[in-house]
file target.cif (mmCIF, C-alpha atoms)
data_query
loop_
_atom_site.group_PDB
_atom_site.id
_atom_site.type_symbol
_atom_site.label_atom_id
_atom_site.label_comp_id
_atom_site.auth_asym_id
_atom_site.auth_seq_id
_atom_site.Cartn_x
_atom_site.Cartn_y
_atom_site.Cartn_z
ATOM 1 C CA MET L 1 -13.627 14.946 -36.684
ATOM 2 C CA SER L 2 -16.055 12.026 -36.650
ATOM 3 C CA ILE L 3 -17.024 12.652 -33.071
ATOM 4 C CA GLY L 4 -20.300 10.770 -32.854
ATOM 5 C CA LYS L 5 -19.116 7.245 -33.730
ATOM 6 C CA GLY L 6 -18.363 4.399 -31.341
ATOM 7 C CA SER L 7 -19.008 4.020 -27.626
ATOM 8 C CA VAL L 8 -18.729 7.157 -25.576
ATOM 9 C CA THR L 9 -15.698 5.755 -23.766
ATOM 10 C CA SER L 10 -13.725 5.011 -26.913
ATOM 11 C CA VAL L 11 -14.662 8.341 -28.499
ATOM 12 C CA SER L 12 -13.604 10.214 -25.351
ATOM 13 C CA ILE L 13 -10.252 8.489 -25.114
ATOM 14 C CA SER L 14 -9.401 8.815 -28.795
ATOM 15 C CA VAL L 15 -10.301 12.518 -28.767
ATOM 16 C CA GLY L 16 -8.197 12.828 -25.610
ATOM 17 C CA ILE L 17 -5.154 11.288 -27.281
ATOM 18 C CA ALA L 18 -5.570 13.093 -30.599
ATOM 19 C CA THR L 19 -5.970 16.487 -28.945
ATOM 20 C CA GLY L 20 -3.633 15.896 -26.051
ATOM 21 C CA ILE L 21 -0.743 15.023 -28.298
ATOM 22 C CA TYR L 22 -0.455 18.521 -29.667
ATOM 23 C CA GLY L 23 0.529 19.556 -26.188
ATOM 24 C CA ILE L 24 3.946 18.567 -27.561
ATOM 25 C CA SER L 25 3.899 21.612 -29.815
ATOM 26 C CA PHE L 26 2.708 23.802 -26.945
ATOM 27 C CA GLY L 27 5.486 22.565 -24.649
ATOM 28 C CA ALA L 28 8.170 23.146 -27.259
ATOM 29 C CA LEU L 29 6.889 26.602 -28.191
ATOM 30 C CA SER L 30 6.511 27.717 -24.594
ATOM 31 C CA VAL L 31 10.125 26.834 -23.831
ATOM 32 C CA THR L 32 11.219 28.525 -27.039
ATOM 33 C CA ALA L 33 9.322 31.660 -26.008
ATOM 34 C CA GLY L 34 11.368 31.783 -22.820
ATOM 35 C CA PHE L 35 9.408 29.905 -20.136
ATOM 36 C CA ASP L 36 11.177 27.085 -18.294
ATOM 37 C CA LEU L 37 9.847 23.539 -17.834
ATOM 38 C CA TRP L 38 8.010 24.332 -14.560
ATOM 39 C CA ARG L 39 6.287 27.437 -15.883
ATOM 40 C CA THR L 40 5.324 25.578 -19.060
ATOM 41 C CA MET L 41 3.850 22.740 -17.013
ATOM 42 C CA ALA L 42 2.012 25.214 -14.786
ATOM 43 C CA LEU L 43 0.395 26.800 -17.850
ATOM 44 C CA SER L 44 -0.958 23.465 -19.086
ATOM 45 C CA LEU L 45 -2.135 22.376 -15.638
ATOM 46 C CA LEU L 46 -3.670 25.652 -14.511
ATOM 47 C CA MET L 47 -4.725 27.539 -17.619
ATOM 48 C CA PHE L 48 -5.675 24.376 -19.548
ATOM 49 C CA SER L 49 -7.147 25.928 -22.654
ATOM 50 C CA GLY L 50 -5.158 25.515 -25.858
ATOM 51 C CA GLY L 51 -6.061 28.808 -27.536
ATOM 52 C CA SER L 52 -5.415 30.856 -24.395
ATOM 53 C CA GLN L 53 -2.129 29.087 -23.704
ATOM 54 C CA PHE L 54 -0.830 29.595 -27.246
ATOM 55 C CA ALA L 55 -1.879 33.254 -27.108
ATOM 56 C CA PHE L 56 -0.226 33.801 -23.719
ATOM 57 C CA VAL L 57 3.056 32.290 -24.875
ATOM 58 C CA ALA L 58 2.979 34.035 -28.268
ATOM 59 C CA VAL L 59 2.516 37.488 -26.731
ATOM 60 C CA PHE L 60 5.258 36.766 -24.184
ATOM 61 C CA ALA L 61 7.548 35.738 -27.063
ATOM 62 C CA THR L 62 7.107 39.146 -28.695
ATOM 63 C CA GLY L 63 8.093 41.240 -25.678
ATOM 64 C CA GLY L 64 9.189 39.250 -22.634
ATOM 65 C CA ALA L 65 8.342 40.482 -19.155
ATOM 66 C CA SER L 66 7.017 43.857 -20.331
ATOM 67 C CA ALA L 67 4.425 42.049 -22.464
ATOM 68 C CA LEU L 68 3.033 39.977 -19.579
ATOM 69 C CA PRO L 69 -0.008 42.223 -18.895
ATOM 70 C CA ALA L 70 -0.924 42.004 -22.577
ATOM 71 C CA ALA L 71 -0.303 38.236 -22.502
ATOM 72 C CA ILE L 72 -2.769 37.898 -19.616
ATOM 73 C CA THR L 73 -5.354 40.052 -21.395
ATOM 74 C CA SER L 74 -5.043 38.090 -24.640
ATOM 75 C CA ALA L 75 -5.332 34.718 -22.910
ATOM 76 C CA TRP L 76 -8.344 35.964 -20.952
ATOM 77 C CA LEU L 77 -10.153 37.258 -24.051
ATOM 78 C CA VAL L 78 -9.398 34.118 -26.077
ATOM 79 C CA GLY L 79 -10.858 32.087 -23.199
ATOM 80 C CA ILE L 80 -14.269 33.774 -23.299
ATOM 81 C CA ARG L 81 -15.782 31.039 -25.451
ATOM 82 C CA ASN L 82 -15.260 28.522 -22.659
ATOM 83 C CA GLY L 83 -17.805 30.537 -20.687
ATOM 84 C CA PHE L 84 -20.373 29.801 -23.385
ATOM 85 C CA TYR L 85 -19.556 26.112 -23.291
ATOM 86 C CA ALA L 86 -20.077 26.198 -19.521
ATOM 87 C CA LEU L 87 -23.482 27.834 -20.006
ATOM 88 C CA THR L 88 -24.593 25.026 -22.326
ATOM 89 C CA LEU L 89 -23.150 22.314 -20.087
ATOM 90 C CA ALA L 90 -24.466 23.627 -16.759
ATOM 91 C CA PRO L 91 -28.019 22.215 -17.043
ATOM 92 C CA LYS L 92 -26.727 18.844 -18.334
ATOM 93 C CA LEU L 93 -24.053 18.361 -15.712
ATOM 94 C CA GLY L 94 -25.575 20.272 -12.814
ATOM 95 C CA PRO L 95 -22.336 20.119 -10.810
ATOM 96 C CA LYS L 96 -22.390 21.263 -7.175
ATOM 97 C CA GLY L 97 -19.690 22.496 -4.823
ATOM 98 C CA LEU L 98 -16.146 21.373 -5.505
ATOM 99 C CA LEU L 99 -17.305 19.290 -8.464
ATOM 100 C CA ARG L 100 -18.342 22.533 -10.127
ATOM 101 C CA ALA L 101 -14.767 23.825 -9.982
ATOM 102 C CA PHE L 102 -13.484 20.579 -11.545
ATOM 103 C CA ALA L 103 -16.143 20.722 -14.252
ATOM 104 C CA ALA L 104 -15.158 24.326 -14.953
ATOM 105 C CA GLN L 105 -11.485 23.461 -15.350
ATOM 106 C CA LEU L 106 -12.340 20.669 -17.833
ATOM 107 C CA THR L 107 -14.707 22.874 -19.864
ATOM 108 C CA ILE L 108 -12.918 23.178 -23.220
ATOM 109 C CA ASP L 109 -13.708 22.742 -26.931
ATOM 110 C CA GLU L 110 -13.314 18.959 -26.995
ATOM 111 C CA SER L 111 -15.206 17.962 -23.830
ATOM 112 C CA THR L 112 -18.067 20.210 -24.937
ATOM 113 C CA ALA L 113 -18.077 18.792 -28.477
ATOM 114 C CA VAL L 114 -18.168 15.141 -27.374
ATOM 115 C CA SER L 115 -20.893 15.858 -24.841
ATOM 116 C CA ALA L 116 -22.944 17.724 -27.445
ATOM 117 C CA SER L 117 -22.633 14.834 -29.921
ATOM 118 C CA ARG L 118 -24.544 12.489 -27.586
ATOM 119 C CA GLU L 119 -28.306 12.036 -27.353
ATOM 120 C CA ASN L 120 -29.089 10.718 -23.887
ATOM 121 C CA SER L 121 -28.211 12.637 -20.752
ATOM 122 C CA GLU L 122 -26.113 9.919 -19.124
ATOM 123 C CA GLU L 123 -23.826 9.705 -22.164
ATOM 124 C CA GLN L 124 -23.637 13.483 -22.348
ATOM 125 C CA ARG L 125 -22.347 13.580 -18.773
ATOM 126 C CA LYS L 126 -20.006 10.660 -19.302
ATOM 127 C CA GLY L 127 -18.697 12.117 -22.562
ATOM 128 C CA PHE L 128 -17.915 15.432 -20.908
ATOM 129 C CA TRP L 129 -16.053 14.019 -17.914
ATOM 130 C CA LEU L 130 -14.159 11.291 -19.770
ATOM 131 C CA THR L 131 -13.083 13.533 -22.628
ATOM 132 C CA GLY L 132 -12.139 16.370 -20.274
ATOM 133 C CA LEU L 133 -10.041 14.046 -18.113
ATOM 134 C CA ALA L 134 -8.457 12.279 -21.102
ATOM 135 C CA VAL L 135 -7.463 15.559 -22.758
ATOM 136 C CA PHE L 136 -6.189 16.866 -19.408
ATOM 137 C CA VAL L 137 -3.956 13.841 -18.823
ATOM 138 C CA PHE L 138 -2.570 13.574 -22.366
ATOM 139 C CA TRP L 139 -2.212 17.334 -22.838
ATOM 140 C CA ASN L 140 -0.154 17.654 -19.687
ATOM 141 C CA LEU L 141 2.023 14.613 -20.437
ATOM 142 C CA ALA L 142 2.637 15.867 -23.963
ATOM 143 C CA THR L 143 3.484 19.329 -22.626
ATOM 144 C CA VAL L 144 6.325 17.860 -20.559
ATOM 145 C CA ILE L 145 7.667 15.923 -23.561
ATOM 146 C CA GLY L 146 7.477 19.013 -25.775
ATOM 147 C CA ALA L 147 9.164 21.222 -23.188
ATOM 148 C CA LEU L 148 12.015 18.746 -22.769
ATOM 149 C CA LEU L 149 12.439 18.470 -26.545
ATOM 150 C CA GLY L 150 12.307 22.248 -26.895
ATOM 151 C CA SER L 151 14.879 22.861 -24.186
ATOM 152 C CA ILE L 152 17.573 20.737 -25.822
ATOM 153 C CA ILE L 153 17.314 22.816 -28.987
ATOM 154 C CA SER L 154 19.834 25.644 -28.908
ATOM 155 C CA ASP L 155 18.531 27.838 -31.724
ATOM 156 C CA PRO L 156 14.790 27.380 -32.322
ATOM 157 C CA LYS L 157 15.060 29.023 -35.736
ATOM 158 C CA ILE L 158 17.249 26.249 -37.145
ATOM 159 C CA PHE L 159 14.409 23.795 -36.513
ATOM 160 C CA GLY L 160 11.799 26.209 -37.776
ATOM 161 C CA LEU L 161 10.094 26.416 -34.395
ATOM 162 C CA ASP L 162 9.157 30.057 -35.020
ATOM 163 C CA ALA L 163 7.322 29.003 -38.185
ATOM 164 C CA ALA L 164 5.756 26.056 -36.342
ATOM 165 C CA ALA L 165 4.367 28.488 -33.759
ATOM 166 C CA ALA L 166 2.776 30.633 -36.447
ATOM 167 C CA ALA L 167 1.332 27.542 -38.145
ATOM 168 C CA ALA L 168 -0.106 26.232 -34.856
ATOM 169 C CA LEU L 169 -1.951 29.505 -34.239
ATOM 170 C CA PHE L 170 -3.135 29.573 -37.833
ATOM 171 C CA ALA L 171 -4.470 26.011 -37.613
ATOM 172 C CA LEU L 172 -6.444 27.037 -34.522
ATOM 173 C CA VAL L 173 -8.200 29.893 -36.364
ATOM 174 C CA TRP L 174 -8.646 28.060 -39.663
ATOM 175 C CA PRO L 175 -12.058 26.439 -38.954
ATOM 176 C CA ARG L 176 -13.380 29.843 -37.849
ATOM 177 C CA ILE L 177 -12.430 31.748 -40.998
ATOM 178 C CA GLN L 178 -14.332 29.645 -43.506
ATOM 179 C CA LYS L 179 -17.126 32.217 -43.613
ATOM 180 C CA SER L 180 -16.555 35.670 -45.094
ATOM 181 C CA THR L 181 -17.082 37.649 -41.865
ATOM 182 C CA GLY L 182 -14.538 35.513 -40.032
ATOM 183 C CA ALA L 183 -12.063 35.769 -42.892
ATOM 184 C CA ILE L 184 -12.341 39.567 -43.016
ATOM 185 C CA ILE L 185 -11.895 39.851 -39.246
ATOM 186 C CA ALA L 186 -8.789 37.673 -39.479
ATOM 187 C CA ALA L 187 -7.353 39.636 -42.409
ATOM 188 C CA ILE L 188 -7.811 42.998 -40.658
ATOM 189 C CA SER L 189 -6.283 41.627 -37.508
ATOM 190 C CA ILE L 190 -3.257 40.115 -39.258
ATOM 191 C CA LEU L 191 -2.556 43.284 -41.215
ATOM 192 C CA GLY L 192 -3.358 45.627 -38.317
ATOM 193 C CA SER L 193 -1.263 43.927 -35.673
ATOM 194 C CA THR L 194 1.682 43.562 -38.056
ATOM 195 C CA LEU L 195 1.671 47.256 -38.968
ATOM 196 C CA LEU L 196 0.948 48.497 -35.433
ATOM 197 C CA SER L 197 3.850 46.441 -34.082
ATOM 198 C CA LEU L 198 6.169 48.876 -35.834
ATOM 199 C CA TYR L 199 4.889 51.750 -33.714
ATOM 200 C CA LEU L 200 3.498 50.364 -30.445
ATOM 201 C CA PRO L 201 5.142 48.482 -27.563
ATOM 202 C CA SER L 202 4.664 44.710 -27.723
ATOM 203 C CA GLY L 203 1.336 43.325 -26.617
ATOM 204 C CA PHE L 204 -0.720 46.356 -27.601
ATOM 205 C CA PRO L 205 -0.724 45.798 -31.390
ATOM 206 C CA VAL L 206 -2.710 42.562 -31.097
ATOM 207 C CA LEU L 207 -5.243 44.003 -28.658
ATOM 208 C CA LEU L 208 -5.807 47.192 -30.646
ATOM 209 C CA ALA L 209 -6.004 45.406 -34.004
ATOM 210 C CA ALA L 210 -8.448 42.904 -32.493
ATOM 211 C CA ALA L 211 -10.670 45.717 -31.216
ATOM 212 C CA VAL L 212 -10.830 47.226 -34.705
ATOM 213 C CA ALA L 213 -11.357 43.848 -36.382
ATOM 214 C CA VAL L 214 -14.160 42.851 -33.988
ATOM 215 C CA SER L 215 -15.901 46.217 -34.548
ATOM 216 C CA VAL L 216 -15.736 45.743 -38.308
ATOM 217 C CA GLY L 217 -17.066 42.214 -37.789
ATOM 218 C CA PHE L 218 -20.135 43.535 -35.972
ATOM 219 C CA TRP L 219 -20.654 46.207 -38.583
ATOM 220 C CA LEU L 220 -20.511 43.658 -41.427
ATOM 221 C CA ASP L 221 -22.804 41.371 -39.512
ATOM 222 C CA ARG L 222 -25.358 44.134 -38.941
ATOM 223 C CA SER L 223 -25.372 45.313 -42.558
ATOM 224 C CA LYS L 224 -25.876 41.714 -43.680
ATOM 225 C CA SER L 225 -29.046 41.108 -41.659
ATOM 226 C CA MET S 226 5.953 41.647 -13.674
ATOM 227 C CA ASN S 227 6.955 38.287 -12.218
ATOM 228 C CA THR S 228 6.286 35.450 -14.676
ATOM 229 C CA TRP S 229 4.840 33.145 -11.983
ATOM 230 C CA LEU S 230 2.396 35.852 -10.935
ATOM 231 C CA ALA S 231 1.424 36.401 -14.572
ATOM 232 C CA ILE S 232 0.821 32.666 -15.052
ATOM 233 C CA LEU S 233 -1.386 32.554 -11.960
ATOM 234 C CA ILE S 234 -3.390 35.653 -12.887
ATOM 235 C CA GLY S 235 -3.690 34.482 -16.486
ATOM 236 C CA SER S 236 -4.878 31.018 -15.431
ATOM 237 C CA LEU S 237 -7.334 32.443 -12.926
ATOM 238 C CA SER S 238 -8.727 34.835 -15.532
ATOM 239 C CA VAL S 239 -9.246 32.005 -18.045
ATOM 240 C CA PHE S 240 -10.832 29.899 -15.282
ATOM 241 C CA SER S 241 -13.156 32.793 -14.390
ATOM 242 C CA TRP S 242 -15.030 32.447 -17.717
ATOM 243 C CA LYS S 243 -15.376 28.707 -17.311
ATOM 244 C CA PHE S 244 -16.640 28.996 -13.746
ATOM 245 C CA LEU S 245 -18.923 31.963 -14.449
ATOM 246 C CA GLY S 246 -20.742 29.898 -17.063
ATOM 247 C CA TYR S 247 -21.876 27.436 -14.379
ATOM 248 C CA LEU S 248 -23.212 30.223 -12.177
ATOM 249 C CA LEU S 249 -25.140 32.302 -14.708
ATOM 250 C CA PRO S 250 -28.637 31.538 -16.010
ATOM 251 C CA THR S 251 -28.671 29.505 -19.249
ATOM 252 C CA ARG S 252 -30.955 31.990 -21.007
ATOM 253 C CA LEU S 253 -27.891 34.221 -21.576
ATOM 254 C CA LEU S 254 -27.111 31.799 -24.398
ATOM 255 C CA GLU S 255 -29.938 33.332 -26.365
ATOM 256 C CA SER S 256 -27.971 36.560 -26.558
ATOM 257 C CA ASN S 257 -26.672 36.610 -30.101
ATOM 258 C CA LEU S 258 -24.473 39.580 -29.352
ATOM 259 C CA LEU S 259 -22.479 37.798 -26.645
ATOM 260 C CA SER S 260 -21.859 34.619 -28.616
ATOM 261 C CA LYS S 261 -20.765 36.653 -31.635
ATOM 262 C CA LEU S 262 -18.417 38.695 -29.468
ATOM 263 C CA ALA S 263 -16.816 35.494 -28.175
ATOM 264 C CA SER S 264 -16.394 34.080 -31.663
ATOM 265 C CA PHE S 265 -15.092 37.326 -33.217
ATOM 266 C CA LEU S 266 -12.621 37.931 -30.381
ATOM 267 C CA THR S 267 -11.145 34.450 -30.711
ATOM 268 C CA ILE S 268 -10.630 34.896 -34.446
ATOM 269 C CA ALA S 269 -9.196 38.403 -34.134
ATOM 270 C CA LEU S 270 -6.721 37.693 -31.333
ATOM 271 C CA LEU S 271 -5.364 34.450 -32.755
ATOM 272 C CA ALA S 272 -5.129 35.909 -36.263
ATOM 273 C CA GLY S 273 -3.316 38.983 -34.948
ATOM 274 C CA LEU S 274 -0.740 36.730 -33.335
ATOM 275 C CA VAL S 275 -0.350 34.813 -36.612
ATOM 276 C CA GLY S 276 0.494 38.136 -38.269
ATOM 277 C CA LEU S 277 3.135 39.014 -35.684
ATOM 278 C CA GLN S 278 4.685 35.569 -35.661
ATOM 279 C CA THR S 279 4.823 35.373 -39.443
ATOM 280 C CA PHE S 280 5.875 38.831 -40.551
ATOM 281 C CA THR S 281 7.737 40.500 -37.683
ATOM 282 C CA GLY S 282 10.832 40.087 -35.555
ATOM 283 C CA ASN S 283 12.793 42.456 -33.327
ATOM 284 C CA GLN S 284 10.017 45.079 -33.576
ATOM 285 C CA ARG S 285 10.231 45.377 -37.361
ATOM 286 C CA LEU S 286 9.045 43.650 -40.506
ATOM 287 C CA GLU S 287 11.001 40.514 -41.316
ATOM 288 C CA PHE S 288 10.045 38.484 -44.346
ATOM 289 C CA ASP S 289 11.783 35.114 -44.245
ATOM 290 C CA ALA S 290 11.264 31.327 -44.412
ATOM 291 C CA ARG S 291 8.205 31.618 -42.165
ATOM 292 C CA ILE S 292 6.074 32.855 -45.083
ATOM 293 C CA PRO S 293 6.546 29.772 -47.311
ATOM 294 C CA ALA S 294 6.076 27.665 -44.166
ATOM 295 C CA ILE S 295 2.659 29.247 -43.567
ATOM 296 C CA LEU S 296 1.743 28.672 -47.213
ATOM 297 C CA VAL S 297 2.539 24.981 -46.729
ATOM 298 C CA ALA S 298 0.311 25.027 -43.645
ATOM 299 C CA VAL S 299 -2.539 26.559 -45.667
ATOM 300 C CA VAL S 300 -2.277 23.816 -48.312
ATOM 301 C CA LEU S 301 -2.272 21.127 -45.604
ATOM 302 C CA LEU S 302 -5.263 22.749 -43.903
ATOM 303 C CA LYS S 303 -7.119 22.641 -47.231
ATOM 304 C CA PHE S 304 -6.450 18.906 -47.327
ATOM 305 C CA ARG S 305 -7.638 18.566 -43.723
ATOM 306 C CA ALA S 306 -4.311 17.297 -42.402
ATOM 307 C CA PRO S 307 -4.131 16.668 -38.639
ATOM 308 C CA PHE S 308 -2.943 19.513 -36.404
ATOM 309 C CA LEU S 309 0.381 17.951 -35.490
ATOM 310 C CA VAL S 310 1.242 17.212 -39.124
ATOM 311 C CA ILE S 311 0.596 20.844 -40.028
ATOM 312 C CA VAL S 312 2.780 22.161 -37.217
ATOM 313 C CA ILE S 313 5.641 19.764 -37.981
ATOM 314 C CA MET S 314 5.532 20.341 -41.749
ATOM 315 C CA ALA S 315 5.541 24.126 -41.311
ATOM 316 C CA GLY S 316 8.555 23.876 -39.013
ATOM 317 C CA ALA S 317 10.311 21.473 -41.383
ATOM 318 C CA THR S 318 9.694 23.776 -44.353
ATOM 319 C CA ALA S 319 11.297 26.735 -42.593
ATOM 320 C CA ALA S 320 14.158 24.593 -41.282
ATOM 321 C CA PHE S 321 14.841 23.167 -44.731
ATOM 322 C CA LEU S 322 14.796 26.574 -46.452
ATOM 323 C CA ARG S 323 17.165 28.024 -43.860
ATOM 324 C CA LEU S 324 19.512 25.089 -44.300
ATOM 325 C CA VAL S 325 19.599 25.457 -48.081
ATOM 326 C CA PHE S 326 19.679 29.251 -48.467
#
call {"tool": "encode", "arguments": {"input": "target.cif", "output": "structure tokens"}}
result
Amino acid sequence: MSIGKGSVTSVSISVGIATGIYGISFGALSVTAGFDLWRTMALSLLMFSGGSQFAFVAVFATGGASALPAAITSAWLVGIRNGFYALTLAPKLGPKGLLRAFAAQLTIDESTAVSASRENSEEQRKGFWLTGLAVFVFWNLATVIGALLGSIISDPKIFGLDAAAAAALFALVWPRIQKSTGAIIAAISILGSTLLSLYLPSGFPVLLAAAVAVSVGFWLDRSKS
Amino acid sequence: MNTWLAILIGSLSVFSWKFLGYLLPTRLLESNLLSKLASFLTIALLAGLVGLQTFTGNQRLEFDARIPAILVAVVLLKFRAPFLVIVIMAGATAAFLRLVF
């Protein structure tokens, strides 16, 4: 994405629209996984982190109510990177009190990226807040549209929504598996969770396979340096 | 577990990372180990879900139209297609194959 070009306002709004719009796919997939319109909207409003939301819904889709603890754990672990964004943003934004809670909620990939692409501190602040708000507004609007579209579809398989869900998750990991360590971690995790799902109750395969894959990742990383 | 409760706990747990980052000292960023853990975990969890959503169904292996759909997604990703295009084309591929076969 050509994030640095144009005024900070126009960049923020275009990133907000471009990113927000794929809330349509989240809304549709969430409804397909078994959440109703209100629960789907609550996820986008309250959780507001694409990767975590997709993970939560995907784990729920594999096992329903019994998979909810694993869905929470997966969403939580996927969300860890937002904590790192917050660390980098804290000195730039310096939010206090209630403003800090709002800043935290808007701390996601896109608001961090736009802020980081700016040189002077005023634009960094402006870029963060505008992008965060724009993504928040468009993501939540698109979620409603997607959920309504998804709920009028009787059999999600006829429209390939199950394949669309897999592709959405894959597109989210894609930029992170362009280096060999990332690709190996992903391969182990794909293979491991698929095979473990034959033997373990839903939710656990992903967590266990991820633990193995991350360990291998650290081992590869250590033997490289 | 109640789904509303799960949504609230899940949202609060995701928020906890975001909020924690504003409270902790910035020098934690220098920890290579932590940033690698965050990056590796994201890859591993999302990839694991890709595996389940592509190759399984009803607690067993199911190879069907989802596999060619993912291959289409890979080609589109190589050509840097936008996210929404990838998602729609993957869905359309599976839908088309199911209609024809």
call {"tool": "residues_around", "arguments": {"input": "target.cif", "residues": "Asn227 of chain S", "least_positions_apart": "3", "cutoff": "10 Å", "atoms": "all atoms listed in the file", "output": "PyMOL selection string"}}
result
(chain L and resi 65-66+68) or (chain S and resi 230-232)
call {"tool": "interface_residues", "arguments": {"input": "target.cif", "of": "chain S", "to": "chain L", "cutoff": "6 Å", "atoms": "all atoms listed in the file", "output": "PDB file with C-alpha atoms, keeping the file's coordinate frame"}}
result
ATOM      1  CA  GLY S 235      -3.690  34.482 -16.486  1.00  0.00           C
ATOM      2  CA  SER S 236      -4.878  31.018 -15.431  1.00  0.00           C
ATOM      3  CA  SER S 238      -8.727  34.835 -15.532  1.00  0.00           C
ATOM      4  CA  VAL S 239      -9.246  32.005 -18.045  1.00  0.00           C
ATOM      5  CA  TRP S 242     -15.030  32.447 -17.717  1.00  0.00           C
ATOM      6  CA  LYS S 243     -15.376  28.707 -17.311  1.00  0.00           C
ATOM      7  CA  PHE S 244     -16.640  28.996 -13.746  1.00  0.00           C
ATOM      8  CA  GLY S 246     -20.742  29.898 -17.063  1.00  0.00           C
ATOM      9  CA  TYR S 247     -21.876  27.436 -14.379  1.00  0.00           C
ATOM     10  CA  THR S 251     -28.671  29.505 -19.249  1.00  0.00           C
ATOM     11  CA  ALA S 263     -16.816  35.494 -28.175  1.00  0.00           C
ATOM     12  CA  PHE S 265     -15.092  37.326 -33.217  1.00  0.00           C
ATOM     13  CA  THR S 267     -11.145  34.450 -30.711  1.00  0.00           C
ATOM     14  CA  ILE S 268     -10.630  34.896 -34.446  1.00  0.00           C
ATOM     15  CA  ALA S 269      -9.196  38.403 -34.134  1.00  0.00           C
ATOM     16  CA  LEU S 270      -6.721  37.693 -31.333  1.00  0.00           C
ATOM     17  CA  ALA S 272      -5.129  35.909 -36.263  1.00  0.00           C
ATOM     18  CA  GLY S 273      -3.316  38.983 -34.948  1.00  0.00           C
ATOM     19  CA  VAL S 275      -0.350  34.813 -36.612  1.00  0.00           C
ATOM     20  CA  GLY S 276       0.494  38.136 -38.269  1.00  0.00           C
ATOM     21  CA  LEU S 277       3.135  39.014 -35.684  1.00  0.00           C
ATOM     22  CA  GLN S 278       4.685  35.569 -35.661  1.00  0.00           C
ATOM     23  CA  THR S 279       4.823  35.373 -39.443  1.00  0.00           C
ATOM     24  CA  GLN S 284      10.017  45.079 -33.576  1.00  0.00           C
ATOM     25  CA  ARG S 285      10.231  45.377 -37.361  1.00  0.00           C
ATOM     26  CA  ARG S 291       8.205  31.618 -42.165  1.00  0.00           C
ATOM     27  CA  ILE S 295       2.659  29.247 -43.567  1.00  0.00           C
ATOM     28  CA  LEU S 309       0.381  17.951 -35.490  1.00  0.00           C
ATOM     29  CA  VAL S 312       2.780  22.161 -37.217  1.00  0.00           C
ATOM     30  CA  ALA S 315       5.541  24.126 -41.311  1.00  0.00           C
ATOM     31  CA  GLY S 316       8.555  23.876 -39.013  1.00  0.00           C
ATOM     32  CA  ALA S 319      11.297  26.735 -42.593  1.00  0.00           C
ATOM     33  CA  ALA S 320      14.158  24.593 -41.282  1.00  0.00           C
TER      34      ALA S 320
END
call {"tool": "atom_distance", "arguments": {"input": "target.cif", "atom1": "atom CA of Gly16 of chain L", "atom2": "atom CA of Leu262 of chain S"}}
result
28.1 Å
call {"tool": "axis_aligned_box", "arguments": {"input": "target.cif", "around": "segment 120-127 of chain L", "padding_each_side": "6 Å", "output": "AutoDock Vina command-line options"}}
result
--center_x -23.9 --center_y 11.6 --center_z -21.3 --size_x 22.4 --size_y 15.9 --size_z 17.1
call {"tool": "atom_distance", "arguments": {"input": "target.cif", "atom1": "atom CA of Asp109 of chain L", "atom2": "atom CA of Gly127 of chain L"}}
result
12.5 Å
call {"tool": "atom_distance", "arguments": {"input": "target.cif", "atom1": "atom CA of Thr228 of chain S", "atom2": "atom CA of Ser241 of chain S"}}
result
19.6 Å
call {"tool": "resolve_selection", "arguments": {"input": "target.cif", "expression": "the PyMOL selection byres ((chain S and resi 289) around 10)", "output": "MDAnalysis selection string"}}
result
(chainID L and resid 163) or (chainID S and resid 279:281 286:288 290:294 319 322:323)
call {"tool": "write_last_selection", "arguments": {"input": "target.cif", "atoms": "C-alpha atoms", "output": "mmCIF file, in the frame of the given file"}}
result
data_model
loop_
_atom_site.group_PDB
_atom_site.id
_atom_site.type_symbol
_atom_site.label_atom_id
_atom_site.label_comp_id
_atom_site.auth_asym_id
_atom_site.auth_seq_id
_atom_site.Cartn_x
_atom_site.Cartn_y
_atom_site.Cartn_z
ATOM 1 C CA ALA L 163 7.322 29.003 -38.185
ATOM 2 C CA THR S 279 4.823 35.373 -39.443
ATOM 3 C CA PHE S 280 5.875 38.831 -40.551
ATOM 4 C CA THR S 281 7.737 40.500 -37.683
ATOM 5 C CA LEU S 286 9.045 43.650 -40.506
ATOM 6 C CA GLU S 287 11.001 40.514 -41.316
ATOM 7 C CA PHE S 288 10.045 38.484 -44.346
ATOM 8 C CA ALA S 290 11.264 31.327 -44.412
ATOM 9 C CA ARG S 291 8.205 31.618 -42.165
ATOM 10 C CA ILE S 292 6.074 32.855 -45.083
ATOM 11 C CA PRO S 293 6.546 29.772 -47.311
ATOM 12 C CA ALA S 294 6.076 27.665 -44.166
ATOM 13 C CA ALA S 319 11.297 26.735 -42.593
ATOM 14 C CA LEU S 322 14.796 26.574 -46.452
ATOM 15 C CA ARG S 323 17.165 28.024 -43.860
#
call {"tool": "closest_residue", "arguments": {"input": "target.cif", "among": "L:Val8, L:Ile153, L:Val135, L:Leu220", "to": "Gly50 of chain L", "atoms": "all atoms listed in the file"}}
result
L:Val135
call {"tool": "decode", "arguments": {"input": "target.cif", "residues": "segment 199-211 of chain L", "atoms": "C-alpha atoms", "output": "mmCIF file, in the first residue's frame"}}
result
data_model
loop_
_atom_site.group_PDB
_atom_site.id
_atom_site.type_symbol
_atom_site.label_atom_id
_atom_site.label_comp_id
_atom_site.auth_asym_id
_atom_site.auth_seq_id
_atom_site.Cartn_x
_atom_site.Cartn_y
_atom_site.Cartn_z
ATOM 1 C CA TYR L 199 -8.085 -36.637 17.278
ATOM 2 C CA LEU L 200 -8.700 -33.614 19.521
ATOM 3 C CA PRO L 201 -11.871 -31.679 20.388
ATOM 4 C CA SER L 202 -12.326 -28.492 18.359
ATOM 5 C CA GLY L 203 -10.308 -25.473 19.377
ATOM 6 C CA PHE L 204 -7.348 -27.402 20.756
ATOM 7 C CA PRO L 205 -5.785 -28.450 17.420
ATOM 8 C CA VAL L 206 -5.016 -24.852 16.440
ATOM 9 C CA LEU L 207 -3.575 -23.934 19.834
ATOM 10 C CA LEU L 208 -1.407 -27.043 20.101
ATOM 11 C CA ALA L 209 -0.177 -26.847 16.502
ATOM 12 C CA ALA L 210 0.623 -23.157 17.012
ATOM 13 C CA ALA L 211 2.658 -23.941 20.131
#
